[in-house]
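Engineer: Have a peek at work32.txt (compact mmCIF, C-alpha atoms).
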# COMPACT_ATOMS: atom_id res chain seq x y z
CA MET A 1 -24.49 8.03 26.57
CA GLN A 2 -25.99 6.04 23.68
CA ASN A 3 -25.76 9.15 21.48
CA GLU A 4 -22.15 9.80 22.48
CA LEU A 5 -21.24 6.22 21.62
CA LEU A 6 -23.00 6.48 18.27
CA GLN A 7 -21.14 9.72 17.50
CA LEU A 8 -17.86 8.10 18.43
CA ILE A 9 -18.54 5.09 16.23
CA ARG A 10 -19.63 7.36 13.39
CA LEU A 11 -16.34 9.28 13.56
CA ASP A 12 -14.42 6.01 13.83
CA LEU A 13 -16.17 4.69 10.71
CA ILE A 14 -15.47 7.89 8.76
CA PHE A 15 -11.75 7.49 9.51
CA GLU A 16 -12.01 3.85 8.49
CA VAL A 17 -13.70 4.69 5.17
CA PHE A 18 -10.90 7.12 4.23
CA SER A 19 -8.24 4.58 5.22
CA GLY A 20 -10.06 1.90 3.21
CA ILE A 21 -10.22 4.11 0.12
CA ILE A 22 -6.46 4.79 0.32
CA ALA A 23 -5.78 1.05 0.79
CA LEU A 24 -7.86 0.42 -2.33
CA ILE A 25 -5.87 3.02 -4.30
CA VAL A 26 -2.62 1.29 -3.26
CA THR A 27 -4.19 -2.04 -4.34
CA ILE A 28 -4.97 -0.65 -7.79
CA TYR A 29 -1.45 0.75 -8.15
CA ALA A 30 0.19 -2.49 -6.99
CA THR A 31 -1.98 -4.52 -9.38
CA LYS A 32 -1.01 -2.23 -12.24
CA ALA A 33 2.66 -2.64 -11.31
CA TYR A 34 2.25 -6.43 -11.14
CA ASN A 35 0.56 -6.55 -14.54
CA LEU A 36 3.41 -4.59 -16.08
CA THR A 37 6.31 -6.37 -14.40
CA GLY A 38 4.99 -9.82 -13.44
CA GLN A 39 6.81 -9.47 -10.09
CA LYS A 40 5.11 -11.89 -7.67
CA LYS A 41 5.83 -9.71 -4.62
CA LEU A 42 3.77 -6.90 -6.15
CA SER A 43 0.89 -9.35 -6.44
CA ASP A 44 1.29 -10.24 -2.74
CA LEU A 45 1.37 -6.53 -1.86
CA SER A 46 -1.74 -5.92 -3.94
CA THR A 47 -3.57 -8.84 -2.30
CA GLY A 48 -2.50 -7.57 1.12
CA PHE A 49 -3.95 -4.11 0.56
CA LEU A 50 -7.06 -5.62 -1.05
CA VAL A 51 -7.67 -7.83 2.01
CA LEU A 52 -7.05 -4.81 4.26
CA SER A 53 -9.48 -2.56 2.39
CA ALA A 54 -12.10 -5.35 2.16
CA GLY A 55 -11.78 -5.85 5.92
CA MET A 56 -12.17 -2.12 6.54
CA PHE A 57 -15.22 -1.73 4.32
CA GLY A 58 -16.67 -4.96 5.75
CA ARG A 59 -16.27 -3.57 9.24
CA VAL A 60 -17.81 -0.22 8.30
CA ILE A 61 -20.82 -1.85 6.63
CA GLY A 62 -21.15 -4.55 9.29
CA THR A 63 -20.86 -2.17 12.23
CA TRP A 64 -23.28 0.32 10.74
CA TYR A 65 -25.78 -2.36 9.71
CA PHE A 66 -25.82 -4.08 13.10
CA ILE A 67 -26.11 -0.80 14.99
CA VAL A 68 -29.09 0.20 12.84
CA GLN A 69 -30.59 -3.30 12.91
CA PHE A 70 -30.08 -4.29 16.55
CA GLY A 71 -28.86 -1.23 18.43
CA LEU A 72 -25.98 -1.33 20.87
CA THR A 73 -27.61 -3.15 23.74
CA ASP A 74 -29.30 -6.11 22.04
CA PRO A 75 -27.46 -9.38 22.96
CA SER A 76 -27.72 -10.77 19.41
CA GLY A 77 -26.29 -7.49 18.09
CA GLU A 78 -23.41 -7.80 20.53
CA LEU A 79 -22.61 -11.28 19.23
CA LEU A 80 -22.69 -10.12 15.61
CA PHE A 81 -20.51 -7.16 16.59
CA SER A 82 -17.88 -9.46 18.00
CA ILE A 83 -18.02 -11.57 14.81
CA VAL A 84 -17.41 -8.43 12.72
CA THR A 85 -14.57 -7.37 15.05
CA ILE A 86 -12.88 -10.79 14.90
CA ALA A 87 -13.28 -11.03 11.10
CA TYR A 88 -11.80 -7.54 10.76
CA GLY A 89 -8.88 -8.34 13.06
CA ALA A 90 -8.20 -11.59 11.20
CA SER A 91 -8.29 -9.85 7.80
CA ARG A 92 -5.78 -7.27 9.02
CA ILE A 93 -3.42 -9.97 10.31
CA MET A 94 -3.74 -11.78 6.97
CA ALA A 95 -2.93 -8.52 5.15
CA TYR A 96 0.09 -7.83 7.38
CA ILE A 97 1.44 -11.35 6.81
CA LEU A 98 1.18 -10.68 3.07
CA PHE A 99 3.12 -7.42 3.62
CA VAL A 100 5.83 -9.39 5.44
CA VAL A 101 6.05 -11.74 2.43
CA ALA A 102 5.93 -8.92 -0.12
CA THR A 103 8.48 -6.63 1.53
CA ARG A 104 10.94 -9.24 2.82
CA PRO A 105 14.64 -8.42 1.62
CA ALA A 106 13.71 -9.60 -1.04
CA ARG A 107 -12.05 -10.45 25.72
CA HIS A 108 -11.34 -9.52 28.71
CA ARG A 109 -12.84 -6.59 30.56
CA GLU A 110 -10.59 -4.62 32.86
CA THR A 111 -11.99 -3.54 36.18
CA MET A 112 -11.91 0.22 36.18
CA ASP A 113 -12.80 2.80 38.71
CA ASN A 114 -15.96 4.17 37.16
CA GLY A 115 -15.74 7.13 39.47
CA ILE A 116 -13.07 8.72 37.32
CA LEU A 117 -14.96 8.19 34.06
CA ASN A 118 -17.31 10.83 32.75
CA GLY A 119 -20.05 10.11 30.21
CA ASN A 120 -17.68 10.39 27.29
CA GLY A 121 -15.20 8.08 29.02
CA ILE A 122 -17.90 5.45 29.51
CA SER A 123 -18.82 5.68 25.83
CA LEU A 124 -15.20 5.24 24.83
CA LEU A 125 -14.80 2.25 27.13
CA LEU A 126 -17.97 0.70 25.75
CA ALA A 127 -16.70 1.28 22.23
CA ALA A 128 -13.38 -0.27 23.16
CA THR A 129 -14.96 -3.43 24.46
CA ILE A 130 -17.13 -3.96 21.39
CA LEU A 131 -14.74 -2.70 18.71
CA VAL A 132 -11.45 -4.18 19.90
CA ASP A 133 -10.22 -7.75 20.27
CA PRO A 134 -7.03 -7.53 22.39
CA ASN A 135 -5.71 -10.97 21.35
CA LEU A 136 -5.87 -10.16 17.64
CA GLU A 137 -4.29 -6.76 18.28
CA VAL A 138 -1.27 -8.42 19.91
CA ILE A 139 -0.81 -10.74 16.90
CA ALA A 140 -1.21 -7.77 14.53
CA ILE A 141 1.46 -5.84 16.46
CA LEU A 142 3.91 -8.75 16.26
CA VAL A 143 3.44 -9.14 12.50
CA LEU A 144 3.61 -5.39 11.90
CA VAL A 145 6.87 -5.14 13.85
CA VAL A 146 8.41 -7.40 11.19
CA VAL A 147 6.91 -5.25 8.41
CA VAL A 148 8.32 -2.09 10.00
CA ILE A 149 11.78 -3.65 10.45
CA GLN A 150 11.78 -4.61 6.76
CA ALA A 151 10.70 -1.08 5.83
CA ILE A 152 13.56 0.34 7.96
CA ILE A 153 16.07 -1.96 6.22
CA ASN A 154 14.70 -0.88 2.84
CA TYR A 155 14.87 2.81 3.74
CA MET A 156 18.42 2.50 5.11
CA SER A 157 19.57 0.83 1.89
CA THR A 158 17.79 3.13 -0.58
CA ARG A 159 17.42 6.40 1.38
CA SER A 160 14.64 7.31 -1.04
CA GLU A 161 11.83 9.64 -0.03
CA PHE A 162 9.33 7.07 -1.30
CA ALA A 163 10.73 4.38 1.01
CA PHE A 164 10.55 6.93 3.85
CA PHE A 165 6.83 7.49 3.33
CA VAL A 166 6.23 3.73 3.28
CA LEU A 167 8.24 3.36 6.49
CA LEU A 168 6.28 6.21 8.09
CA GLY A 169 3.00 4.67 6.92
CA PHE A 170 3.76 1.23 8.34
CA PHE A 171 5.15 2.75 11.55
CA LEU A 172 1.95 4.75 12.08
CA LEU A 173 -0.10 1.59 11.44
CA LEU A 174 1.97 -0.19 14.10
CA LEU A 175 1.50 2.74 16.47
CA SER A 176 -2.27 2.65 15.89
CA HIS A 177 -2.32 -1.02 16.96
CA ILE A 178 -0.22 -0.25 20.04
CA LEU A 179 -2.69 2.51 20.96
CA VAL A 180 -5.65 0.15 20.40
CA ALA A 181 -4.01 -2.45 22.64
CA GLN A 182 -4.02 0.14 25.44
CA THR A 183 -7.64 1.13 24.90
CA LEU A 184 -8.98 -1.01 27.74
CA GLN A 185 -6.68 0.79 30.18
CA ASN A 186 -7.24 4.19 28.62
CA PRO A 187 -10.42 4.38 26.50
CA GLY A 188 -9.42 7.73 25.00
CA MET A 189 -6.76 5.90 23.01
CA TYR A 190 -9.33 4.37 20.68
CA LEU A 191 -10.02 7.43 18.55
CA SER A 192 -6.32 8.36 18.65
CA SER A 193 -5.52 4.93 17.23
CA GLN A 194 -8.03 5.36 14.41
CA LEU A 195 -6.61 8.80 13.63
CA THR A 196 -3.06 7.40 13.67
CA GLN A 197 -4.14 4.65 11.27
CA LEU A 198 -5.61 7.26 8.92
CA LEU A 199 -2.36 9.26 9.08
CA GLY A 200 -0.46 6.07 8.19
CA PHE A 201 -2.58 5.59 5.08
CA LEU A 202 -2.25 9.28 4.20
CA SER A 203 1.52 8.80 4.29
CA LEU A 204 1.13 5.98 1.73
CA LEU A 205 -1.10 8.27 -0.35
CA VAL A 206 1.58 11.01 -0.31
CA MET A 207 4.10 8.40 -1.49
CA LEU A 208 1.79 7.42 -4.37
CA ILE A 209 1.28 11.03 -5.43
CA ARG A 210 5.00 11.85 -5.30
CA ALA A 211 5.99 8.62 -7.06
CA GLY A 212 3.45 9.42 -9.77
CA ARG A 213 5.10 12.73 -10.61
CA VAL A 214 7.44 12.19 -13.53
CA GLU A 215 9.68 15.05 -14.58
CA MET B 1 11.03 -5.69 -18.45
CA ARG B 2 13.96 -3.87 -16.83
CA ILE B 3 16.19 -4.66 -19.82
CA LEU B 4 13.64 -3.20 -22.23
CA ALA B 5 13.32 -0.11 -20.03
CA ASP B 6 17.13 0.27 -19.88
CA MET B 7 17.33 0.06 -23.68
CA MET B 8 14.61 2.67 -24.02
CA ARG B 9 16.38 4.91 -21.50
CA ALA B 10 19.55 4.62 -23.58
CA ILE B 11 17.61 5.78 -26.62
CA GLN B 12 15.91 8.56 -24.66
CA SER B 13 19.25 9.83 -23.32
CA GLU B 14 20.33 10.58 -26.88
CA GLY B 15 17.31 12.85 -27.37
CA GLU B 16 16.37 13.92 -30.88
CA GLU B 17 19.55 12.39 -32.32
CA GLY B 18 18.37 8.85 -31.60
CA ALA B 19 20.67 6.02 -30.52
CA GLY B 20 22.60 3.48 -32.55
CA PRO B 21 22.79 -0.24 -31.65
CA THR B 22 26.27 0.08 -30.10
CA LYS B 23 25.18 2.76 -27.64
CA ILE B 24 22.14 0.68 -26.64
CA LEU B 25 24.24 -2.48 -26.38
CA TYR B 26 26.73 -0.91 -23.95
CA THR B 27 24.12 0.87 -21.84
CA ALA B 28 21.90 -2.19 -21.42
CA ASN B 29 24.91 -4.54 -21.18
CA LEU B 30 23.59 -7.09 -23.66
CA SER B 31 24.98 -9.60 -26.12
CA HIS B 32 24.50 -8.80 -29.81
CA ASP B 33 21.93 -11.58 -30.33
CA ARG B 34 19.89 -10.50 -27.34
CA LEU B 35 20.05 -6.88 -28.45
CA THR B 36 18.69 -7.74 -31.89
CA GLN B 37 15.91 -9.81 -30.37
CA TYR B 38 14.85 -7.07 -27.92
CA LEU B 39 15.09 -4.29 -30.53
CA GLU B 40 12.77 -6.28 -32.80
CA GLU B 41 10.37 -6.70 -29.89
CA LEU B 42 10.40 -2.96 -29.13
CA VAL B 43 9.85 -2.04 -32.78
CA GLU B 44 7.04 -4.59 -33.05
CA LYS B 45 5.34 -3.09 -29.99
CA GLU B 46 5.79 0.39 -31.50
CA LEU B 47 7.71 1.60 -28.45
CA ILE B 48 10.65 2.61 -30.66
CA ARG B 49 11.02 3.21 -34.40
CA GLU B 50 13.94 2.35 -36.59
CA ALA B 51 15.56 4.68 -39.14
CA ASN B 52 17.64 3.24 -42.02
CA PRO B 53 16.54 -0.37 -41.37
CA GLY B 54 18.91 -3.03 -42.66
CA SER B 55 21.82 -0.63 -43.08
CA GLU B 56 24.92 -0.20 -40.91
CA ASN B 57 23.69 3.22 -39.78
CA ARG B 58 20.55 2.10 -38.02
CA ILE B 59 19.23 4.64 -35.54
CA TYR B 60 16.47 4.08 -33.03
CA TYR B 61 14.06 6.72 -31.76
CA LEU B 62 11.57 6.60 -28.95
CA THR B 63 7.94 6.83 -30.09
CA GLU B 64 5.26 8.70 -28.13
CA LYS B 65 3.97 5.32 -26.97
CA GLY B 66 7.51 4.49 -25.83
CA ARG B 67 7.81 7.75 -23.89
CA GLU B 68 4.52 7.09 -22.14
CA PHE B 69 5.63 3.53 -21.35
CA LEU B 70 8.88 4.80 -19.87
CA ARG B 71 7.05 7.38 -17.73
CA GLU B 72 4.78 4.61 -16.43
CA PHE B 73 7.77 2.37 -15.80
CA VAL B 74 9.48 5.09 -13.73
CA ARG B 75 6.33 5.46 -11.59
CA ILE B 76 6.13 1.72 -11.04
CA GLU B 77 9.85 1.47 -10.35
CA ARG B 78 9.54 4.14 -7.61
CA PHE B 79 6.46 2.47 -6.18
CA SER B 80 8.15 -0.95 -6.05
CA GLN B 81 11.36 0.42 -4.57
CA ALA B 82 9.36 2.24 -1.90
CA PHE B 83 8.25 -1.16 -0.63
CA GLY B 84 11.68 -2.72 -1.17
CA ILE B 85 10.51 -4.80 -4.14
CA GLU B 86 13.00 -5.31 -6.96
CA ILE B 87 11.55 -5.33 -10.45
As structure tokens, how would this structure be written, given the file I've shared?
Structural biologist:
Amino acid sequence: MQNELLQLIRLDLIFEVFSGIIALIVTIYATKAYNLTGQKKLSDLSTGFLVLSAGMFGRVIGTWYFIVQFGLTDPSGELLFSIVTIAYGASRIMAYILFVVATRPARHRETMDNGILNGNGISLLLAATILVDPNLEVIAILVLVVVVIQAIINYMSTRSEFAFFVLLGFFLLLLSHILVAQTLQNPGMYLSSQLTQLLGFLSLLVMLIRAGRVE
Amino acid sequence: MRILADMMRAIQSEGEEGAGPTKILYTANLSHDRLTQYLEELVEKELIREANPGSENRIYYLTEKGREFLREFVRIERFSQAFGIEI
């Protein structure tokens, strides 16, 4: 079971690394745009993606370090894990609040029937309890709903393909948080949420590539 | 920044012929004083070059640096608009 959990976390961290790299690319692009135009909102956007990518890399390094250092069962490791999880959740909320500003117009364990869980299910549930903070997820969802609404308004007014990819990206990020929030009821949702998050960032990457093509 | 880009687009739209001050003035919707000030700035930054300086038949051409700047501006404009940010 320990090995299954480690494999799951490894996969989760690989997804997170790719998402973090894309967030960093968006940061670089937004910073470049801010330097050229001096538009404050681009600076907020850049800071938002920087905080997001820093949180992601922090989580990857922190999670990996504490697993290697303390293992998954050590009580001190568990405490440090929850610190990493809370710091990560807080950094994401901070980033999403910055997105709201930039794009404006202008633990509780569920009692489960273990009988229905196989080894993989137990690993997923264990991962969910150490990698997810439900309270922070709810706040993140609320903030992201605002971001998505603003992205919808922007897409409806511009109808540009670039605005569509941003809307799709933010929507997938929101969906990933909704899936995470359901992880304690359905542990299988955890990896799906990480995959959805990666797809969201890939959508932003597609937007960057297409916007970069000048005829 | 947008005004400078609009002026450069006006010059670019004329292609090899280059654009005179009147064409740029109407496209960028500027007063004469402002136009002179911005043209000087663009020439100084080597984004455009001026033919027949001082005469009535002044023509402005986009330099290679200007073309590259305009390409970069278009990328940034698309990026900003994608997030609903006006520049």
Engineer: At a cut-off of 12 Å, list the chain B residues touching chain A, using only C-alpha atoms, as a VMD selection string.
Structural biologist: chain B and resid 1 to 5 67 to 87
Engineer: Find the residues around region 54-57 of chain B up to 12 Å (all atoms listed in the file counted), leave out those fewer than 6 positions away in its own chain, and share them as an MDAnalysis selection string.
Structural biologist: chainID B and resid 18:22 36
Engineer: For the residues in the current selection, export C-alpha atoms as a PDB file, in the frame of the given file.
Structural biologist:
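Generated output (part.pdb):
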ATOM      1  CA  GLY B  18      18.370   8.850 -31.600  1.00  0.00           C
ATOM      2  CA  ALA B  19      20.670   6.020 -30.520  1.00  0.00           C
ATOM      3  CA  GLY B  20      22.600   3.480 -32.550  1.00  0.00           C
ATOM      4  CA  PRO B  21      22.790  -0.240 -31.650  1.00  0.00           C
ATOM      5  CA  THR B  22      26.270   0.080 -30.100  1.00  0.00           C
ATOM      6  CA  THR B  36      18.690  -7.740 -31.890  1.00  0.00           C
TER       7      THR B  36
END
Engineer: How many Å lie between CA of Glu16 (chain B) and CA of Ala28 (chain B), rounded to one decimal?
Structural biologist: 19.5 Å
Engineer: From the options B:Leu35, B:Leu25, B:Leu30, B:Leu47, which residue's atoms come nearest to Leu62 (chain B), counting all atoms listed in the file?
Structural biologist: B:Leu47
Engineer: Quote the spacing between CA of Gly169 (chain A) and CA of Gln197 (chain A) in Å to one decimal place.
Structural biologist: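 That distance, rounded to one decimal, is 8.4 Å.
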Engineer: Smallest atom-to-atom distance to Gln12 (chain B): which of B:Arg58, B:Ile48, B:Ser31, B:Glu40, using only C-alpha atoms?
Structural biologist: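 Of all the options, B:Ile48 lies closest to Gln12 (chain B).
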Engineer: Just the number, please: distance in Å from CA of Ile14 (chain A) to CA of Ile97 (chain A), one decimal.
Structural biologist: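 One can read the CA of Ile14 (chain A) to CA of Ile97 (chain A) distance as 25.7 Å.
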Engineer: Contacts between region 172-186 of chain A and region 12-104 of chain A, please, where a residue of region 12-104 of chain A counts if it comes within 12 Å (with all atoms listed in the file); show its shortest atom pair and distance in Å to one decimal, rows by chain and ascending number, as a Markdown table.
Structural biologist:
| residue | atom | partner | partner_atom | distance |
| --- | --- | --- | --- | --- |
| A:Ser19 | CA | A:Leu173 | CA | 10.7 |
| A:Leu52 | CA | A:Leu173 | CA | 11.9 |
| A:Gly89 | CA | A:His177 | CA | 10.6 |
| A:Arg92 | CA | A:His177 | CA | 10.7 |
| A:Ile93 | CA | A:His177 | CA | 11.2 |
| A:Tyr96 | CA | A:Leu173 | CA | 10.3 |
Engineer: Create the file for the chosen residues now, containing C-alpha atoms and written as a PDB file, in the frame of the given file.
Structural biologist:
ATOM      1  CA  SER A  19      -8.240   4.580   5.220  1.00  0.00           C
ATOM      2  CA  LEU A  52      -7.050  -4.810   4.260  1.00  0.00           C
ATOM      3  CA  GLY A  89      -8.880  -8.340  13.060  1.00  0.00           C
ATOM      4  CA  ARG A  92      -5.780  -7.270   9.020  1.00  0.00           C
ATOM      5  CA  ILE A  93      -3.420  -9.970  10.310  1.00  0.00           C
ATOM      6  CA  TYR A  96       0.090  -7.830   7.380  1.00  0.00           C
TER       7      TYR A  96
END
Engineer: When you count all atoms listed in the file, which of these residues is closest to Arg49 (chain B): B:Arg34, B:Lys23, B:Arg9, B:Lys65?
Structural biologist: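 The shortest atom-to-atom distance to Arg49 (chain B) comes from B:Lys65.
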Engineer: Could you check the closest approach to Gly58 (chain A) for each of A:Ser76, A:Ser46, A:Asn35, A:Ser91 and tell me which residue wins, using all atoms listed in the file?
Structural biologist: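 With all atoms listed in the file as the atom set, the closest residue is A:Ser91.
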Engineer: With distances taken over all atoms listed in the file, which residue among B:Leu42, B:Ile59, B:Glu64, B:Asn52 lies nearest Glu14 (chain B)?
Structural biologist: B:Ile59
